[in-house]
$ cat final-v8.txt   # compact mmCIF, C-alpha atoms and all ligand atoms
# COMPACT_ATOMS: atom_id res chain seq x y z
CA MET A 1 0.00 0.00 0.00
CA ASN A 2 2.80 2.32 0.82
CA ALA A 3 4.97 1.13 -2.02
CA PRO A 4 6.80 4.07 -3.57
CA VAL A 5 5.38 5.27 -6.87
CA ALA A 6 7.76 4.15 -9.57
CA SER A 7 8.59 7.17 -11.72
CA THR A 8 9.34 6.08 -15.26
CA PRO A 9 11.90 8.32 -16.90
CA PRO A 10 10.57 9.97 -20.06
CA ARG A 11 11.11 7.87 -23.18
CA LYS A 12 14.32 8.74 -24.95
CA LEU A 13 13.85 10.33 -28.36
CA ARG A 14 15.20 8.28 -31.25
CA VAL A 15 17.48 10.32 -33.53
CA ALA A 16 18.88 9.24 -36.88
CA THR A 17 21.52 11.21 -38.76
CA VAL A 18 23.13 10.80 -42.17
CA SER A 19 25.57 12.54 -44.48
CA LEU A 20 24.47 12.23 -48.13
CA ALA A 21 26.43 14.42 -50.58
CA GLY A 22 28.02 16.29 -47.69
CA CYS A 23 31.47 16.50 -46.13
CA PHE A 24 30.58 15.47 -42.53
CA GLY A 25 31.29 19.05 -41.47
CA CYS A 26 27.72 19.38 -40.17
CA HIS A 27 28.21 16.27 -38.05
CA MET A 28 31.45 17.76 -36.71
CA SER A 29 29.55 20.92 -35.80
CA LEU A 30 26.94 18.82 -33.96
CA LEU A 31 29.79 17.30 -31.93
CA ASP A 32 30.92 20.87 -31.18
CA ILE A 33 28.09 21.17 -28.67
CA ASP A 34 30.86 19.72 -26.47
CA GLU A 35 29.84 18.97 -22.87
CA ARG A 36 26.19 19.38 -23.80
CA LEU A 37 26.60 15.98 -25.48
CA PHE A 38 26.29 14.48 -21.98
CA ASP A 39 22.87 16.12 -21.58
CA LEU A 40 21.95 14.98 -25.06
CA VAL A 41 22.68 11.29 -24.52
CA GLU A 42 20.49 11.37 -21.41
CA ARG A 43 17.59 12.46 -23.60
CA VAL A 44 18.12 10.74 -26.95
CA GLU A 45 19.33 7.51 -28.39
CA PHE A 46 20.88 7.30 -31.80
CA ASP A 47 19.49 5.15 -34.59
CA ARG A 48 21.29 5.00 -37.95
CA SER A 49 24.09 7.56 -37.79
CA PRO A 50 27.85 7.77 -38.45
CA LEU A 51 28.00 7.69 -34.62
CA THR A 52 26.54 4.16 -34.45
CA ASP A 53 26.99 1.07 -36.58
CA ILE A 54 23.32 0.77 -37.50
CA LYS A 55 22.94 0.33 -41.26
CA THR A 56 19.21 0.89 -41.80
CA VAL A 57 17.19 3.81 -40.54
CA GLY A 58 14.33 3.03 -38.15
CA GLU A 59 14.50 -0.70 -38.84
CA HIS A 60 12.82 -1.70 -35.55
CA ASP A 61 11.48 1.55 -34.11
CA ARG A 62 10.39 4.67 -35.91
CA CYS A 63 12.67 7.64 -35.28
CA ASP A 64 11.44 10.88 -33.78
CA ILE A 65 14.03 13.07 -35.49
CA GLY A 66 16.07 12.64 -38.65
CA LEU A 67 18.95 15.01 -39.36
CA VAL A 68 20.02 14.99 -43.00
CA GLU A 69 23.34 16.52 -44.02
CA GLY A 70 24.22 16.85 -47.71
CA GLY A 71 22.29 17.11 -50.93
CA LEU A 72 21.49 14.37 -53.45
CA CYS A 73 24.19 13.52 -55.97
CA ASN A 74 23.33 9.89 -56.75
CA ALA A 75 20.55 7.31 -56.72
CA GLU A 76 21.65 5.85 -53.38
CA ASN A 77 21.31 9.28 -51.73
CA VAL A 78 17.71 9.41 -52.98
CA GLU A 79 16.94 5.92 -51.65
CA VAL A 80 18.41 6.71 -48.20
CA LEU A 81 16.60 10.06 -48.05
CA ARG A 82 13.26 8.41 -48.88
CA ALA A 83 13.87 5.82 -46.12
CA PHE A 84 14.60 8.67 -43.68
CA ARG A 85 11.38 10.44 -44.66
CA ASP A 86 9.47 7.20 -44.26
CA ARG A 87 10.92 6.31 -40.83
CA CYS A 88 11.39 9.74 -39.16
CA THR A 89 8.55 11.81 -37.75
CA VAL A 90 10.43 15.11 -38.01
CA LEU A 91 12.92 15.50 -40.82
CA VAL A 92 15.45 18.33 -40.70
CA ALA A 93 17.61 19.53 -43.60
CA VAL A 94 20.95 20.35 -42.03
CA GLY A 95 23.47 22.63 -43.70
CA ALA A 96 23.92 24.45 -47.01
CA CYS A 97 24.27 21.26 -49.09
CA ALA A 98 21.01 19.68 -47.88
CA ILE A 99 19.21 23.00 -48.26
CA THR A 100 20.63 24.30 -51.56
CA GLY A 101 22.74 21.48 -53.01
CA GLY A 102 25.77 23.42 -51.79
CA LEU A 103 29.17 23.41 -53.41
CA PRO A 104 28.63 19.95 -55.02
CA ALA A 105 25.88 21.66 -57.05
CA LEU A 106 28.57 23.73 -58.78
CA ARG A 107 28.63 20.85 -61.28
CA ASN A 108 24.98 21.34 -62.17
CA HIS A 109 25.57 23.25 -65.38
CA LEU A 110 28.15 20.71 -66.57
CA ASP A 111 27.42 17.43 -68.32
CA VAL A 112 27.87 14.59 -65.81
CA GLY A 113 29.50 12.30 -68.41
CA THR A 114 32.05 14.96 -69.29
CA VAL A 115 32.80 15.53 -65.59
CA LEU A 116 33.34 11.81 -64.93
CA GLN A 117 35.45 11.48 -68.05
CA SER A 118 37.72 14.36 -67.10
CA VAL A 119 38.11 13.25 -63.46
CA TYR A 120 38.54 9.47 -63.98
CA GLY A 121 39.62 9.35 -67.62
CA ARG A 122 36.61 7.09 -68.28
CA VAL A 123 33.05 6.72 -67.05
CA PRO A 124 33.25 4.27 -64.10
CA ASP A 125 30.80 1.40 -64.62
CA ASP A 126 31.23 -0.85 -61.57
CA PRO A 127 27.75 -2.21 -60.68
CA GLU A 128 28.46 -1.42 -57.01
CA LEU A 129 28.58 2.29 -57.77
CA PRO A 130 25.30 4.19 -57.47
CA LEU A 131 24.28 6.11 -60.57
CA PRO A 132 25.07 9.82 -60.39
CA LEU A 133 22.17 12.22 -60.89
CA ASN A 134 22.28 14.77 -63.70
CA ARG A 135 21.95 17.56 -61.15
CA VAL A 136 22.84 17.70 -57.46
CA LEU A 137 19.51 18.36 -55.76
CA PRO A 138 18.60 20.01 -52.48
CA ILE A 139 16.62 17.49 -50.45
CA HIS A 140 13.38 19.50 -50.34
CA GLU A 141 13.04 18.85 -54.09
CA VAL A 142 12.52 15.13 -53.38
CA VAL A 143 10.85 14.80 -49.96
CA HIS A 144 8.93 17.04 -47.57
CA ILE A 145 11.17 18.74 -45.02
CA ASP A 146 9.85 19.86 -41.64
CA HIS A 147 12.69 22.19 -40.65
CA ALA A 148 15.98 23.48 -41.98
CA LEU A 149 19.17 24.48 -40.21
CA PRO A 150 21.23 26.66 -42.57
CA GLY A 151 24.97 27.22 -42.41
CA CYS A 152 28.20 25.74 -43.73
CA PRO A 153 28.14 24.25 -41.19
CA PRO A 154 25.29 25.40 -38.93
CA PRO A 155 26.78 26.68 -35.66
CA ALA A 156 26.86 24.15 -32.78
CA ASP A 157 24.48 26.45 -30.87
CA ALA A 158 21.98 26.15 -33.72
CA PHE A 159 22.02 22.35 -33.39
CA TRP A 160 21.58 22.61 -29.66
CA GLN A 161 18.71 25.10 -30.00
CA LEU A 162 16.96 22.84 -32.53
CA LEU A 163 17.38 19.70 -30.43
CA GLN A 164 16.25 21.44 -27.26
CA ASP A 165 13.15 22.79 -29.01
CA LEU A 166 12.29 19.38 -30.47
CA MET A 167 12.97 17.60 -27.17
CA ALA A 168 10.62 20.05 -25.46
CA GLY A 169 7.96 19.44 -28.10
CA ARG A 170 8.20 23.02 -29.43
CA ALA A 171 8.34 24.09 -33.06
CA PRO A 172 11.99 25.06 -33.61
CA ALA A 173 12.54 28.79 -33.80
CA SER A 174 15.78 30.05 -35.31
CA ALA A 175 17.18 32.60 -32.91
CA PRO A 176 18.73 35.68 -34.55
CA GLY A 177 22.41 35.09 -35.01
CA LEU A 178 21.95 31.37 -35.60
CA ILE A 179 20.84 31.74 -39.21
CA ARG A 180 23.83 31.96 -41.48
CA TYR A 181 24.67 30.74 -44.96
CA ASP A 182 28.45 30.41 -44.81
CA MET B 1 1.24 79.14 -33.06
CA SER B 2 4.22 76.98 -33.86
CA ALA B 3 4.13 75.03 -37.09
CA VAL B 4 4.06 71.29 -36.41
CA ASP B 5 6.27 69.20 -38.71
CA PRO B 6 4.16 67.08 -41.00
CA THR B 7 4.49 63.37 -40.28
CA PHE B 8 3.18 60.04 -41.46
CA ASP B 9 2.72 56.92 -39.37
CA LEU B 10 5.02 53.93 -39.89
CA ASP B 11 3.91 50.90 -37.86
CA GLY B 12 2.74 53.22 -35.08
CA GLN B 13 5.77 55.56 -35.13
CA PRO B 14 5.46 59.15 -36.35
CA VAL B 15 7.97 59.85 -39.16
CA PRO B 16 8.74 63.51 -40.01
CA LEU B 17 8.82 64.24 -43.69
CA GLN B 18 10.46 66.86 -45.87
CA PRO B 19 9.55 68.00 -49.38
CA GLY B 20 10.56 65.43 -51.99
CA ASP B 21 10.71 62.55 -49.52
CA THR B 22 9.76 59.02 -50.44
CA ILE B 23 8.42 56.77 -47.69
CA LEU B 24 11.77 54.97 -47.58
CA SER B 25 13.99 58.09 -47.55
CA ALA B 26 11.97 59.67 -44.72
CA ALA B 27 12.05 56.44 -42.72
CA ALA B 28 15.80 56.04 -43.30
CA ARG B 29 16.44 59.60 -42.05
CA ALA B 30 14.41 58.81 -38.94
CA GLY B 31 16.54 55.70 -38.37
CA LEU B 32 13.68 53.29 -39.13
CA ASP B 33 14.53 50.32 -41.30
CA ILE B 34 12.32 49.34 -44.21
CA PRO B 35 13.99 46.26 -45.74
CA HIS B 36 15.31 47.08 -49.21
CA LEU B 37 17.85 45.88 -51.79
CA CYS B 38 17.85 48.21 -54.80
CA TRP B 39 17.62 51.59 -53.06
CA SER B 40 20.56 53.85 -52.29
CA ASP B 41 20.54 57.53 -51.37
CA GLU B 42 23.34 58.03 -53.91
CA VAL B 43 21.20 57.38 -56.99
CA SER B 44 17.59 57.72 -58.15
CA GLY B 45 15.02 55.08 -57.23
CA SER B 46 14.29 52.21 -59.62
CA ALA B 47 11.79 50.01 -57.77
CA SER B 48 13.38 46.87 -59.20
CA CYS B 49 13.42 44.52 -56.22
CA ARG B 50 10.09 45.23 -54.46
CA LEU B 51 11.52 44.12 -51.13
CA CYS B 52 10.52 47.54 -49.77
CA THR B 53 6.83 46.96 -50.46
CA VAL B 54 4.70 48.50 -47.70
CA LEU B 55 1.00 49.14 -47.30
CA ALA B 56 0.25 52.86 -47.65
CA ASP B 57 -3.30 53.41 -46.43
CA GLY B 58 -3.83 49.74 -47.25
CA ARG B 59 -2.38 49.80 -50.77
CA PRO B 60 0.86 47.92 -51.56
CA VAL B 61 3.49 50.34 -52.89
CA ALA B 62 7.27 50.37 -53.30
CA ALA B 63 8.44 52.60 -50.43
CA CYS B 64 11.59 53.66 -52.31
CA VAL B 65 9.72 55.51 -55.07
CA THR B 66 6.38 56.40 -53.46
CA PRO B 67 6.16 60.00 -52.22
CA ALA B 68 5.56 60.25 -48.48
CA VAL B 69 2.21 61.88 -47.71
CA ALA B 70 1.47 63.66 -44.42
CA GLY B 71 -1.06 61.83 -42.28
CA GLN B 72 -0.73 58.57 -44.17
CA LYS B 73 -0.77 55.23 -42.33
CA VAL B 74 2.08 53.02 -43.55
CA GLU B 75 2.50 49.38 -42.51
CA CYS B 76 5.73 47.45 -42.97
CA ARG B 77 6.05 44.92 -40.14
CA THR B 78 2.95 42.83 -40.80
CA ALA B 79 2.93 39.04 -40.88
CA SER B 80 1.79 38.88 -44.49
CA LEU B 81 4.38 41.38 -45.71
CA ALA B 82 7.05 39.45 -43.79
CA THR B 83 6.05 36.26 -45.63
CA GLN B 84 6.02 38.16 -48.92
CA ARG B 85 9.54 39.47 -48.26
CA LEU B 86 10.73 35.96 -47.37
CA ARG B 87 9.28 34.47 -50.59
CA LEU B 88 10.76 37.28 -52.68
CA LEU B 89 14.21 36.67 -51.18
CA GLN B 90 13.86 32.92 -51.75
CA MET B 91 13.00 33.58 -55.40
CA LEU B 92 16.13 35.72 -55.77
CA PHE B 93 18.22 32.91 -54.31
CA VAL B 94 16.84 30.17 -56.61
CA GLU B 95 16.97 32.37 -59.72
CA GLY B 96 20.74 32.72 -59.47
CA ASN B 97 23.54 30.52 -58.20
CA HIS B 98 24.32 31.66 -54.67
CA PHE B 99 27.00 29.55 -53.05
CA CYS B 100 27.56 31.68 -49.96
CA PRO B 101 30.16 29.30 -48.43
CA GLY B 102 32.43 30.04 -51.40
CA CYS B 103 31.52 33.67 -52.08
CA GLU B 104 33.95 36.43 -51.18
CA LYS B 105 31.05 38.83 -50.55
CA SER B 106 29.75 36.70 -47.68
CA GLY B 107 29.41 38.86 -44.58
CA ASN B 108 29.32 42.03 -46.69
CA CYS B 109 26.32 40.99 -48.78
CA VAL B 110 23.02 42.84 -48.52
CA LEU B 111 21.00 39.98 -50.04
CA GLN B 112 22.44 37.61 -47.46
CA VAL B 113 21.75 39.87 -44.49
CA GLN B 114 18.22 40.60 -45.66
CA ALA B 115 17.57 36.85 -45.93
CA GLU B 116 18.99 36.29 -42.44
CA ARG B 117 16.80 39.05 -41.03
CA ALA B 118 13.76 37.64 -42.83
CA GLY B 119 14.43 34.31 -41.09
CA MET B 120 15.12 32.41 -44.32
CA THR B 121 16.23 28.88 -43.44
CA ALA B 122 15.33 27.07 -46.68
CA LEU B 123 14.87 27.87 -50.37
CA HIS B 124 11.19 26.79 -50.53
CA PHE B 125 11.33 26.82 -54.36
CA GLU B 126 13.18 24.61 -56.81
CA ALA B 127 16.77 25.72 -57.47
CA LEU B 128 16.92 26.81 -61.11
CA ASN B 129 20.74 26.64 -61.39
CA PRO B 130 20.92 28.86 -64.47
CA GLU B 131 24.02 28.72 -66.63
CA ARG B 132 25.73 32.11 -66.63
CA PRO B 133 29.39 32.27 -67.64
CA VAL B 134 31.64 34.43 -65.47
CA ASP B 135 33.21 37.50 -67.12
CA ALA B 136 36.75 37.95 -65.78
CA SER B 137 37.96 39.99 -68.78
CA HIS B 138 38.41 43.28 -66.92
CA PRO B 139 41.83 43.65 -65.28
CA ASP B 140 40.44 45.13 -62.05
CA VAL B 141 36.76 44.17 -61.76
CA LEU B 142 35.14 40.71 -61.83
CA PHE B 143 31.59 40.26 -63.15
CA GLU B 144 29.97 37.16 -61.63
CA PRO B 145 26.47 37.11 -63.18
CA ASN B 146 25.46 34.03 -61.17
CA ARG B 147 25.01 36.36 -58.20
CA CYS B 148 23.40 39.33 -60.01
CA ILE B 149 19.96 40.20 -58.68
CA LEU B 150 19.26 42.81 -61.39
CA CYS B 151 18.93 45.59 -58.83
CA GLN B 152 20.24 48.16 -61.34
CA LEU B 153 22.40 49.95 -58.78
CA CYS B 154 25.42 49.63 -61.09
CA VAL B 155 23.29 50.81 -64.02
CA ARG B 156 22.24 53.96 -62.18
CA ALA B 157 25.66 54.63 -60.61
CA SER B 158 27.40 54.38 -63.98
CA ASP B 159 24.84 56.68 -65.57
CA GLU B 160 24.17 59.23 -62.82
CA ILE B 161 27.49 59.34 -60.90
CA ASP B 162 30.16 58.20 -63.36
CA GLY B 163 28.47 59.62 -66.47
CA LYS B 164 29.40 56.51 -68.49
CA ARG B 165 26.35 54.27 -68.96
CA VAL B 166 28.41 51.09 -68.97
CA PHE B 167 25.47 48.93 -67.86
CA ALA B 168 21.85 48.34 -68.90
CA ILE B 169 19.19 45.72 -68.29
CA GLY B 170 18.12 43.62 -71.28
CA GLY B 171 15.85 40.67 -72.03
CA HIS B 172 12.55 39.68 -70.48
CA GLY B 173 11.27 37.52 -67.64
CA ILE B 174 13.64 34.79 -66.50
CA ALA B 175 16.05 35.67 -69.33
CA THR B 176 16.52 39.24 -68.08
CA ARG B 177 20.19 40.02 -67.61
CA LEU B 178 22.72 42.75 -67.11
CA LEU B 179 24.12 44.07 -70.40
CA ILE B 180 27.55 45.67 -70.74
CA ASP B 181 28.14 48.45 -73.24
CA SER B 182 31.21 47.32 -75.16
CA PRO B 183 31.86 45.95 -78.66
CA SER B 184 32.29 42.40 -77.31
CA GLY B 185 29.71 42.71 -74.53
CA ARG B 186 32.49 41.94 -72.08
CA LEU B 187 33.51 44.08 -69.15
CA GLY B 188 37.18 44.25 -70.18
CA ASP B 189 36.27 46.10 -73.38
CA SER B 190 33.99 48.59 -71.63
CA ALA B 191 34.76 52.05 -70.26
CA LEU B 192 34.43 50.83 -66.64
CA SER B 193 37.27 51.81 -64.32
CA VAL B 194 37.81 50.34 -60.87
CA HIS B 195 37.63 53.93 -59.59
CA ASP B 196 34.04 54.28 -60.81
CA ARG B 197 31.26 54.25 -58.24
CA ALA B 198 29.60 51.53 -60.35
CA ALA B 199 32.50 49.19 -59.56
CA HIS B 200 31.72 49.37 -55.83
CA ILE B 201 27.97 49.82 -55.45
CA CYS B 202 26.85 46.22 -56.10
CA PRO B 203 25.00 44.98 -52.99
CA VAL B 204 25.89 41.36 -53.75
CA GLY B 205 28.99 39.58 -55.05
CA ALA B 206 28.26 40.18 -58.74
CA LEU B 207 30.58 43.13 -59.43
CA LEU B 208 33.73 42.78 -57.37
CA PRO B 209 36.96 44.78 -57.42
CA LYS B 210 39.72 42.21 -57.86
CA ARG B 211 42.52 41.33 -55.41
CA VAL B 212 40.80 42.70 -52.29
CA GLY B 213 38.30 39.86 -51.75
CA PHE B 214 39.66 38.71 -48.42
CA ALA B 215 41.41 41.93 -47.31
CA VAL B 216 38.83 42.02 -44.53
CA PRO B 217 38.65 38.49 -43.12
CA ILE B 218 35.40 36.59 -42.55
CA GLY B 219 34.26 37.42 -39.03
CA ARG B 220 35.18 41.12 -39.28
CA ARG B 221 32.91 42.14 -42.11
CA ARG B 222 30.13 44.68 -42.46
CA PHE B 223 27.36 42.50 -41.06
CA ASP B 224 29.46 40.26 -38.84
CA ASN B 225 28.84 42.24 -35.68
CA GLU B 226 25.10 42.47 -36.02
CA ASP B 227 22.54 40.23 -34.42
CA THR B 228 22.31 38.24 -37.64
CA ARG B 229 25.67 36.50 -37.29
CA GLY B 230 26.25 33.82 -34.72
S1 LIG A 301 26.18 37.27 -53.45
FE1 LIG A 301 25.52 37.22 -51.30
S2 LIG A 301 23.81 35.74 -51.28
FE2 LIG A 301 24.93 35.44 -53.19
S3 LIG A 301 26.46 33.83 -52.77
FE3 LIG A 301 27.47 35.79 -52.37
S4 LIG A 301 27.17 36.16 -50.17
FE4 LIG A 301 25.69 34.59 -50.79
S1 LIG A 302 25.74 43.56 -61.01
FE1 LIG A 302 25.23 44.01 -58.85
S2 LIG A 302 24.63 46.18 -58.89
FE2 LIG A 302 24.53 45.47 -61.00
S3 LIG A 302 22.41 44.85 -61.32
FE3 LIG A 302 23.58 43.02 -60.73
S4 LIG A 302 23.32 42.88 -58.51
FE4 LIG A 302 22.74 44.97 -59.09
S1 LIG A 303 14.21 49.03 -52.54
FE1 LIG A 303 12.28 49.59 -53.29
S2 LIG A 303 11.93 48.24 -54.94
FE2 LIG A 303 13.97 47.75 -54.28
$ encode --input "final-v8.txt" --output "structure tokens"
Amino acid sequence: MNAPVASTPPRKLRVATVSLAGCFGCHMSLLDIDERLFDLVERVEFDRSPLTDIKTVGEHDRCDIGLVEGGLCNAENVEVLRAFRDRCTVLVAVGACAITGGLPALRNHLDVGTVLQSVYGRVPDDPELPLPLNRVLPIHEVVHIDHALPGCPPPADAFWQLLQDLMAGRAPASAPGLIRYD
Amino acid sequence: MSAVDPTFDLDGQPVPLQPGDTILSAAARAGLDIPHLCWSDEVSGSASCRLCTVLADGRPVAACVTPAVAGQKVECRTASLATQRLRLLQMLFVEGNHFCPGCEKSGNCVLQVQAERAGMTALHFEALNPERPVDASHPDVLFEPNRCILCQLCVRASDEIDGKRVFAIGGHGIATRLLIDSPSGRLGDSALSVHDRAAHICPVGALLPKRVGFAVPIGRRRFDNEDTRG
């Protein structure tokens, strides 16, 4: 009768992250939240991410948040992005490349065959290689995006603000000073 | 009886006006910011960008060319105008090729700071990625048309300040572009000098004096100390 009331800790949010046609700089900036990482791991668990060894997004449990770095430069990027959209409740475009295509999109007015030819001396045809797209696409051109975190990379404080807002169940608001494009 | 200065109302603030004032010039003198891209007090108005659109007694007008009228009620900071400004800025971004991470104007760019202030986080529209070859033919000034927003500031500065008319706007719709008055159509064969006002007035990274791109490092630029830069 007087048994103590067991308080269940709040469920940890499931977060997946990926770098498509990106440079991992956005992931490095996420790690730049430094000691706040300790707070973060109390509140979230990572699904597919370069930080884990999980290969498929949301295979067993749906993810609450998906962070997508990088634009789309090949067919595999598109497949992974669609899986993220399918398995993540809130999908966030992270960084200039996810949002605009970024520097990889500098090739967009060039012919992809000519580019491959001049870089490799031939057009690589290994069946393991995903097919390049004609244009490098920002991710909002292929799936619906719920939020975007601009910057090259977004400042660590912008990641922290976004994650805090989402963990608190608020719509993320970009504080002045945290929106930047370079 | 003392004469009371005529004023108009901008979002609840009285703004004194002088003869010949536009809504934007009067607001600027009073230290009130109406977002704008193609206006400068150095040259005549051209109403090219429409970022300065306000409601004057309920009617949308370009504040940079609309005469200020005493007693008028002008609205700028409304939710619907804010959305309109955001969409307009997003259209300017997708119509060109703006790679801010690799642009030497970053931190000094008026388009960029307006987008930051408008809260732009994403493009919203499809990136058009137009093909626009760079013109590096001039020894001292680079023309990077991928970043040109057709604001006509260089057109007006060359005409009204430098007395040269090096630039004009040509074409229609999405094919509109900046024309250069020279036999080859290239900047190197034009009368432009790096000492011209037109070589320095571009609000974006489209007309850039050469060899000074990083003289002021990133982090110490025009807009780096404002609330828009983290
Ligand atoms: S001109 Fe301005 S908006 Fe365009 S790429 Fe350069 S810094 Fe960015
Ligand atoms: S080159 Fe610069 S100043 Fe001239 S129209 Fe284009 S954006 Fe405006
Ligand atoms: S500043 Fe008025 S239209 Fe551009």
$ closest_residue --input "final-v8.txt" --among "B:Ala70, B:Val65, B:Leu88, B:Ala122" --to "Ala96 of chain A" --atoms "all atoms listed in the file"
B:Ala122
$ interface_residues --input "final-v8.txt" --of "chain B" --to "chain A" --cutoff "12 Å" --atoms "all atoms listed in the file" --output "PyMOL selection string"
chain B and resi 90+93-94+96-109+111-133+146+218-219+223-230
$ atom_distance --input "final-v8.txt" --atom1 "atom CA of Phe159 of chain A" --atom2 "atom CA of Gln84 of chain B"
27.3 Å
$ closest_atom_pairs --input "final-v8.txt" --of "segment 41-142 of chain B" --to "segment 149-171 of chain B" --cutoff "7 Å" --atoms "only C-alpha atoms" --output "tab-separated table"
residue	atom	partner	partner_atom	distance
B:Val43	CA	B:Arg156	CA	6.3
B:Ser48	CA	B:Cys151	CA	5.7
B:Cys49	CA	B:Cys151	CA	6.2
B:Leu92	CA	B:Ile149	CA	6.6
$ closest_residue --input "final-v8.txt" --among "A:Arg170, A:Arg14, A:Asn74, A:Met28" --to "His60 of chain A" --atoms "only C-alpha atoms"
A:Arg14
$ closest_residue --input "final-v8.txt" --among "B:Ile180, B:Ala63, B:Cys148, B:Ala198" --to "ligand LIG 302 (chain A)" --atoms "all atoms listed in the file"
B:Cys148
$ residues_near_ligand --input "final-v8.txt" --ligand "ligand LIG 303 (chain A)" --cutoff "8 Å" --atoms "all atoms listed in the file" --output "PyMOL selection string"
chain B and resi 24+35-40+45-53+62-65+151
$ atom_distance --input "final-v8.txt" --atom1 "atom S2 of ligand LIG 301 (chain A)" --atom2 "atom CA of Arg222 of chain B"
14.1 Å
$ residues_around --input "final-v8.txt" --residues "segment 76-84 of chain A" --least-positions-apart "2" --cutoff "10 Å" --atoms "all atoms listed in the file" --output "compact mmCIF listing (two decimals) with C-alpha atoms, keeping the file's coordinate frame"
# COMPACT_ATOMS: atom_id res chain seq x y z
CA ALA A 16 18.88 9.24 -36.88
CA THR A 17 21.52 11.21 -38.76
CA VAL A 18 23.13 10.80 -42.17
CA SER A 19 25.57 12.54 -44.48
CA LEU A 20 24.47 12.23 -48.13
CA ALA A 21 26.43 14.42 -50.58
CA ARG A 48 21.29 5.00 -37.95
CA THR A 56 19.21 0.89 -41.80
CA VAL A 57 17.19 3.81 -40.54
CA GLY A 58 14.33 3.03 -38.15
CA GLU A 59 14.50 -0.70 -38.84
CA ARG A 62 10.39 4.67 -35.91
CA CYS A 63 12.67 7.64 -35.28
CA ILE A 65 14.03 13.07 -35.49
CA GLY A 66 16.07 12.64 -38.65
CA LEU A 67 18.95 15.01 -39.36
CA VAL A 68 20.02 14.99 -43.00
CA GLY A 70 24.22 16.85 -47.71
CA GLY A 71 22.29 17.11 -50.93
CA LEU A 72 21.49 14.37 -53.45
CA CYS A 73 24.19 13.52 -55.97
CA ASN A 74 23.33 9.89 -56.75
CA ASP A 86 9.47 7.20 -44.26
CA ARG A 87 10.92 6.31 -40.83
CA CYS A 88 11.39 9.74 -39.16
CA THR A 89 8.55 11.81 -37.75
CA VAL A 90 10.43 15.11 -38.01
CA LEU A 91 12.92 15.50 -40.82
CA LEU A 129 28.58 2.29 -57.77
CA PRO A 130 25.30 4.19 -57.47
CA LEU A 131 24.28 6.11 -60.57
CA PRO A 132 25.07 9.82 -60.39
CA LEU A 133 22.17 12.22 -60.89
CA LEU A 137 19.51 18.36 -55.76
CA ILE A 139 16.62 17.49 -50.45
CA VAL A 142 12.52 15.13 -53.38
CA VAL A 143 10.85 14.80 -49.96
CA HIS A 144 8.93 17.04 -47.57
$ atom_distance --input "final-v8.txt" --atom1 "atom CA of Ala30 of chain B" --atom2 "atom CA of Cys76 of chain B"
14.9 Å
$ build_atoms --input "final-v8.txt" --residues "segment 54-65 of chain A" --atoms "N, CA and C atoms" --output "PDB file, in the frame of the given file"
ATOM      1  N   ILE A  54      24.604   1.243 -36.985  1.00  0.00           N
ATOM      2  CA  ILE A  54      23.320   0.770 -37.500  1.00  0.00           C
ATOM      3  C   ILE A  54      23.232   1.111 -38.991  1.00  0.00           C
ATOM      4  N   LYS A  55      22.875   0.134 -39.805  1.00  0.00           N
ATOM      5  CA  LYS A  55      22.940   0.330 -41.260  1.00  0.00           C
ATOM      6  C   LYS A  55      21.636   0.854 -41.854  1.00  0.00           C
ATOM      7  N   THR A  56      20.503   0.539 -41.205  1.00  0.00           N
ATOM      8  CA  THR A  56      19.210   0.890 -41.800  1.00  0.00           C
ATOM      9  C   THR A  56      18.447   1.788 -40.865  1.00  0.00           C
ATOM     10  N   VAL A  57      17.881   2.845 -41.402  1.00  0.00           N
ATOM     11  CA  VAL A  57      17.190   3.810 -40.540  1.00  0.00           C
ATOM     12  C   VAL A  57      15.858   3.246 -40.042  1.00  0.00           C
ATOM     13  N   GLY A  58      15.627   3.381 -38.734  1.00  0.00           N
ATOM     14  CA  GLY A  58      14.330   3.030 -38.150  1.00  0.00           C
ATOM     15  C   GLY A  58      13.901   1.604 -38.429  1.00  0.00           C
ATOM     16  N   GLU A  59      14.836   0.668 -38.443  1.00  0.00           N
ATOM     17  CA  GLU A  59      14.500  -0.700 -38.840  1.00  0.00           C
ATOM     18  C   GLU A  59      13.498  -1.328 -37.862  1.00  0.00           C
ATOM     19  N   HIS A  60      13.714  -1.111 -36.556  1.00  0.00           N
ATOM     20  CA  HIS A  60      12.820  -1.700 -35.550  1.00  0.00           C
ATOM     21  C   HIS A  60      11.835  -0.678 -35.008  1.00  0.00           C
ATOM     22  N   ASP A  61      12.350   0.493 -34.654  1.00  0.00           N
ATOM     23  CA  ASP A  61      11.480   1.550 -34.110  1.00  0.00           C
ATOM     24  C   ASP A  61      11.542   2.759 -35.021  1.00  0.00           C
ATOM     25  N   ARG A  62      10.395   3.397 -35.186  1.00  0.00           N
ATOM     26  CA  ARG A  62      10.390   4.670 -35.910  1.00  0.00           C
ATOM     27  C   ARG A  62      11.283   5.665 -35.179  1.00  0.00           C
ATOM     28  N   CYS A  63      11.848   6.610 -35.917  1.00  0.00           N
ATOM     29  CA  CYS A  63      12.670   7.640 -35.280  1.00  0.00           C
ATOM     30  C   CYS A  63      11.829   8.894 -35.088  1.00  0.00           C
ATOM     31  N   ASP A  64      12.130   9.627 -34.013  1.00  0.00           N
ATOM     32  CA  ASP A  64      11.440  10.880 -33.780  1.00  0.00           C
ATOM     33  C   ASP A  64      12.017  11.990 -34.652  1.00  0.00           C
ATOM     34  N   ILE A  65      13.354  11.987 -34.783  1.00  0.00           N
ATOM     35  CA  ILE A  65      14.030  13.070 -35.490  1.00  0.00           C
ATOM     36  C   ILE A  65      15.038  12.484 -36.466  1.00  0.00           C
TER      37      ILE A  65
END
